[in-house]
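Chemist: The structure's right below; bear with me while I get my questions together.
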Amino acid sequence: MTSRILAVAVIVMLSVGVVDAETFRTKDPLRAFVRQEYPLGDDYFIRGNEDTYIFRCLLTRGSHRFDGIALSEISIWGRTGPWEMFRQEPNGDFTYVETGGLPNTACLEFCRSKGYLTTGRCAWQRGWPK
């Protein structure tokens with residue numbers, strides 16, 4: 001009986017692992033982030049009539065683990081994150097990697113969410129919003 005329970009537990013864990021192992025790919029990580037097209041790692045507030053700031057850092061292999069982009073948003077944001085990180089693939093697509101922290105935010109840019117939601121584009125500005 002114990003071996004049957006153990007076998008069932010292993011099968012359940014393996015099937016859950018397969019679901020978790022699915023990779024989210026996108027051509028537009030900002031759109032995916034704002035429209036919550038993948039399970040977000042934190043409680044972001046981007047949608048709705050409220051205007052907020054969207055942050056990005058362009059990642060390069062020299063100062064980060066991979067080339068890509070990291071996105072965040074100010075409603076829950078401190079000066080260290082969290083960040084939704086995407087790795088850029090050789091074909092130009094992006095693969096979601098993880099929610100995590102960035103030790104250096106010298107790459108920081110911001111735009112207003114209302115502008116993005118209205119036009120579909122961000123007018124990125126360097127540094128912190130004033």
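For the structure tokens, the naming scheme is as follows: chains receive sequential letters (A, B, ...) according to their order of presentation, residues are indexed from 1 within each chain, and ligands are indexed from 1 in presentation order.
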Need to verify the contact set: region 108-114 of chain A, 8 Å, only C-alpha atoms, exclusion of same-chain residues closer than 2 positions in sequence. Can you return it as an MDAnalysis selection string?
Modeler: chainID A and resid 46 49:58 105:106 116:118 122:129
Chemist: Hey, which of A:Phe94, A:Thr119, A:Asn104, A:Glu84 ends up closest to Thr23 (chain A)? Count only C-alpha atoms.
Modeler: A:Phe94
Chemist: When you look at Glu37 (chain A) with a cut-off of 12 Å (counting only C-alpha atoms), what residues show up, excluding the ones that are within fewer than 2 positions of it in the same chain? I need them as a VMD selection string.
Modeler: chain A and resid 24 to 26 28 to 35 39 to 41 96
Chemist: What lies within 12 Å of Pro90 (chain A) using only C-alpha atoms, ignoring chain neighbours under 2 positions off, as a list in words?
Modeler: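 Selected residues are Lys27, Phe66, Asp67, Gly68, Arg87, Gln88, Gly92, Asp93, Phe94 and Thr95 of chain A.
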Chemist: Which residues are close to region 59-62 of chain A, i.e. within 9 Å by only C-alpha atoms, leaving aside same-chain residues fewer than 6 positions away? Reply as a list in words.
Modeler: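 Those residues are Gly68, Ile69, Ala70, Met85, Phe86, Arg87 and Cys107 of chain A.
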Chemist: Keeping only C-alpha atoms, write those residues as a short mmCIF file (atom, residue, chain, number, x, y, z; two decimals), in the first residue's frame.
Modeler:
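That gives us result01.cif:
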data_model
loop_
_atom_site.label_atom_id
_atom_site.label_comp_id
_atom_site.auth_asym_id
_atom_site.auth_seq_id
_atom_site.Cartn_x
_atom_site.Cartn_y
_atom_site.Cartn_z
CA GLY A 68 17.37 40.40 -22.73
CA ILE A 69 15.04 42.71 -20.87
CA ALA A 70 13.76 43.12 -17.31
CA MET A 85 13.17 38.88 -16.70
CA PHE A 86 13.20 37.74 -20.32
CA ARG A 87 16.14 36.27 -22.24
CA CYS A 107 20.16 50.67 -16.95
#
Chemist: Could you pull out the residues in region 15-115 of chain A that DSSP calls strand (DSSP E) from the backbone, as a PDB file with N, CA and C atoms, in the first residue's frame?
Modeler:
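Result file is states19.pdb:
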ATOM      1  N   ARG A  25       7.131  32.109 -24.477  1.00  0.00           N
ATOM      2  CA  ARG A  25       7.888  32.862 -25.478  1.00  0.00           C
ATOM      3  C   ARG A  25       7.006  33.962 -26.047  1.00  0.00           C
ATOM      4  N   THR A  26       7.653  35.097 -26.378  1.00  0.00           N
ATOM      5  CA  THR A  26       6.910  36.221 -26.941  1.00  0.00           C
ATOM      6  C   THR A  26       7.839  37.077 -27.796  1.00  0.00           C
ATOM      7  N   TYR A  53       3.961  53.949 -13.450  1.00  0.00           N
ATOM      8  CA  TYR A  53       5.211  53.903 -14.197  1.00  0.00           C
ATOM      9  C   TYR A  53       5.569  52.456 -14.482  1.00  0.00           C
ATOM     10  N   ILE A  54       5.998  52.211 -15.703  1.00  0.00           N
ATOM     11  CA  ILE A  54       6.558  50.921 -16.089  1.00  0.00           C
ATOM     12  C   ILE A  54       8.065  51.125 -16.194  1.00  0.00           C
ATOM     13  N   PHE A  55       8.822  50.203 -15.650  1.00  0.00           N
ATOM     14  CA  PHE A  55      10.277  50.280 -15.697  1.00  0.00           C
ATOM     15  C   PHE A  55      10.831  49.170 -16.565  1.00  0.00           C
ATOM     16  N   ARG A  56      11.963  49.459 -17.200  1.00  0.00           N
ATOM     17  CA  ARG A  56      12.688  48.406 -17.913  1.00  0.00           C
ATOM     18  C   ARG A  56      14.174  48.624 -17.753  1.00  0.00           C
ATOM     19  N   CYS A  57      14.888  47.551 -17.837  1.00  0.00           N
ATOM     20  CA  CYS A  57      16.345  47.548 -17.933  1.00  0.00           C
ATOM     21  C   CYS A  57      16.688  46.613 -19.081  1.00  0.00           C
ATOM     22  N   LEU A  58      17.482  47.111 -20.014  1.00  0.00           N
ATOM     23  CA  LEU A  58      17.974  46.249 -21.079  1.00  0.00           C
ATOM     24  C   LEU A  58      19.167  45.484 -20.518  1.00  0.00           C
ATOM     25  N   LEU A  59      19.105  44.179 -20.637  1.00  0.00           N
ATOM     26  CA  LEU A  59      20.130  43.318 -20.051  1.00  0.00           C
ATOM     27  C   LEU A  59      21.149  42.922 -21.111  1.00  0.00           C
ATOM     28  N   GLY A  68      18.819  40.435 -22.814  1.00  0.00           N
ATOM     29  CA  GLY A  68      17.367  40.404 -22.727  1.00  0.00           C
ATOM     30  C   GLY A  68      16.824  41.696 -22.162  1.00  0.00           C
ATOM     31  N   ILE A  69      15.738  41.557 -21.413  1.00  0.00           N
ATOM     32  CA  ILE A  69      15.039  42.710 -20.867  1.00  0.00           C
ATOM     33  C   ILE A  69      14.440  42.336 -19.519  1.00  0.00           C
ATOM     34  N   ALA A  70      14.414  43.301 -18.611  1.00  0.00           N
ATOM     35  CA  ALA A  70      13.763  43.122 -17.309  1.00  0.00           C
ATOM     36  C   ALA A  70      12.711  44.214 -17.187  1.00  0.00           C
ATOM     37  N   LEU A  71      11.519  43.851 -16.730  1.00  0.00           N
ATOM     38  CA  LEU A  71      10.396  44.786 -16.613  1.00  0.00           C
ATOM     39  C   LEU A  71       9.858  44.782 -15.190  1.00  0.00           C
ATOM     40  N   SER A  72       9.403  45.953 -14.737  1.00  0.00           N
ATOM     41  CA  SER A  72       8.771  46.072 -13.439  1.00  0.00           C
ATOM     42  C   SER A  72       7.784  47.225 -13.484  1.00  0.00           C
ATOM     43  N   GLU A  73       7.201  47.526 -12.336  1.00  0.00           N
ATOM     44  CA  GLU A  73       6.149  48.538 -12.265  1.00  0.00           C
ATOM     45  C   GLU A  73       6.136  49.116 -10.862  1.00  0.00           C
ATOM     46  N   TRP A  83      11.674  42.122 -10.575  1.00  0.00           N
ATOM     47  CA  TRP A  83      11.735  42.294 -12.020  1.00  0.00           C
ATOM     48  C   TRP A  83      11.265  41.021 -12.714  1.00  0.00           C
ATOM     49  N   GLU A  84      10.543  41.196 -13.799  1.00  0.00           N
ATOM     50  CA  GLU A  84      10.181  40.082 -14.681  1.00  0.00           C
ATOM     51  C   GLU A  84      11.263  40.036 -15.752  1.00  0.00           C
ATOM     52  N   MET A  85      12.020  38.943 -15.808  1.00  0.00           N
ATOM     53  CA  MET A  85      13.173  38.879 -16.697  1.00  0.00           C
ATOM     54  C   MET A  85      12.940  37.957 -17.884  1.00  0.00           C
ATOM     55  N   PHE A  86      13.322  38.461 -19.054  1.00  0.00           N
ATOM     56  CA  PHE A  86      13.197  37.740 -20.319  1.00  0.00           C
ATOM     57  C   PHE A  86      14.561  37.662 -20.988  1.00  0.00           C
ATOM     58  N   ARG A  87      14.896  36.481 -21.485  1.00  0.00           N
ATOM     59  CA  ARG A  87      16.141  36.269 -22.235  1.00  0.00           C
ATOM     60  C   ARG A  87      15.824  36.425 -23.719  1.00  0.00           C
ATOM     61  N   GLN A  88      16.678  37.175 -24.450  1.00  0.00           N
ATOM     62  CA  GLN A  88      16.476  37.317 -25.887  1.00  0.00           C
ATOM     63  C   GLN A  88      17.125  36.145 -26.599  1.00  0.00           C
ATOM     64  N   PHE A  94      11.680  36.491 -27.237  1.00  0.00           N
ATOM     65  CA  PHE A  94      12.069  36.541 -25.833  1.00  0.00           C
ATOM     66  C   PHE A  94      11.441  35.370 -25.096  1.00  0.00           C
ATOM     67  N   THR A  95      12.190  34.799 -24.164  1.00  0.00           N
ATOM     68  CA  THR A  95      11.728  33.706 -23.328  1.00  0.00           C
ATOM     69  C   THR A  95      11.700  34.191 -21.884  1.00  0.00           C
ATOM     70  N   TYR A  96      10.554  34.002 -21.215  1.00  0.00           N
ATOM     71  CA  TYR A  96      10.447  34.380 -19.807  1.00  0.00           C
ATOM     72  C   TYR A  96      11.372  33.482 -18.993  1.00  0.00           C
ATOM     73  N   VAL A  97      12.180  34.104 -18.114  1.00  0.00           N
ATOM     74  CA  VAL A  97      13.141  33.364 -17.311  1.00  0.00           C
ATOM     75  C   VAL A  97      12.674  33.245 -15.873  1.00  0.00           C
ATOM     76  N   GLU A  98      12.393  34.414 -15.217  1.00  0.00           N
ATOM     77  CA  GLU A  98      12.061  34.375 -13.805  1.00  0.00           C
ATOM     78  C   GLU A  98      11.658  35.757 -13.318  1.00  0.00           C
ATOM     79  N   THR A  99      11.126  35.789 -12.101  1.00  0.00           N
ATOM     80  CA  THR A  99      10.966  37.031 -11.358  1.00  0.00           C
ATOM     81  C   THR A  99      12.130  37.082 -10.392  1.00  0.00           C
ATOM     82  N   GLY A 100      12.839  38.197 -10.377  1.00  0.00           N
ATOM     83  CA  GLY A 100      13.996  38.280  -9.500  1.00  0.00           C
ATOM     84  C   GLY A 100      14.432  39.711  -9.284  1.00  0.00           C
ATOM     85  N   LEU A 108      18.213  51.658 -15.834  1.00  0.00           N
ATOM     86  CA  LEU A 108      16.794  51.964 -15.644  1.00  0.00           C
ATOM     87  C   LEU A 108      16.241  52.976 -16.643  1.00  0.00           C
ATOM     88  N   GLU A 109      15.078  52.628 -17.202  1.00  0.00           N
ATOM     89  CA  GLU A 109      14.273  53.524 -18.030  1.00  0.00           C
ATOM     90  C   GLU A 109      12.835  53.401 -17.554  1.00  0.00           C
ATOM     91  N   PHE A 110      12.023  54.432 -17.811  1.00  0.00           N
ATOM     92  CA  PHE A 110      10.619  54.382 -17.405  1.00  0.00           C
ATOM     93  C   PHE A 110       9.725  54.994 -18.471  1.00  0.00           C
ATOM     94  N   CYS A 111       8.454  54.616 -18.425  1.00  0.00           N
ATOM     95  CA  CYS A 111       7.427  55.260 -19.226  1.00  0.00           C
ATOM     96  C   CYS A 111       6.124  55.216 -18.436  1.00  0.00           C
ATOM     97  N   ARG A 112       5.161  56.013 -18.852  1.00  0.00           N
ATOM     98  CA  ARG A 112       3.855  56.063 -18.182  1.00  0.00           C
ATOM     99  C   ARG A 112       2.960  54.977 -18.763  1.00  0.00           C
TER     100      ARG A 112
END
Chemist: CA of Tyr44 (chain A) and CA of Arg121 (chain A) are how many Å apart?
Modeler: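 Going from CA of Tyr44 (chain A) over to CA of Arg121 (chain A) covers 19.0 Å.
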Chemist: List every residue of region 34-118 of chain A that DSSP, applied to the backbone of this structure, assigns to alpha helix (DSSP H), and report them as a list of chain:residue names.
Modeler: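 The residues of region 34-118 of chain A classed as alpha helix (DSSP H) are A:Val34, A:Ser113, A:Lys114, A:Gly115, A:Tyr116, A:Leu117, A:Thr118.
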Chemist: Please produce a file of the residues just selected, as a PDB file, in the first residue's frame, where the atoms kept are C-alpha atoms.
Modeler:
ATOM      1  CA  VAL A  34       1.126  44.549 -19.245  1.00  0.00           C
ATOM      2  CA  SER A 113       1.419  53.159 -18.378  1.00  0.00           C
ATOM      3  CA  LYS A 114      -1.423  55.379 -19.585  1.00  0.00           C
ATOM      4  CA  GLY A 115       0.633  56.392 -22.631  1.00  0.00           C
ATOM      5  CA  TYR A 116       1.460  52.778 -23.393  1.00  0.00           C
ATOM      6  CA  LEU A 117      -2.136  51.613 -22.966  1.00  0.00           C
ATOM      7  CA  THR A 118      -3.336  54.433 -25.250  1.00  0.00           C
TER       8      THR A 118
END
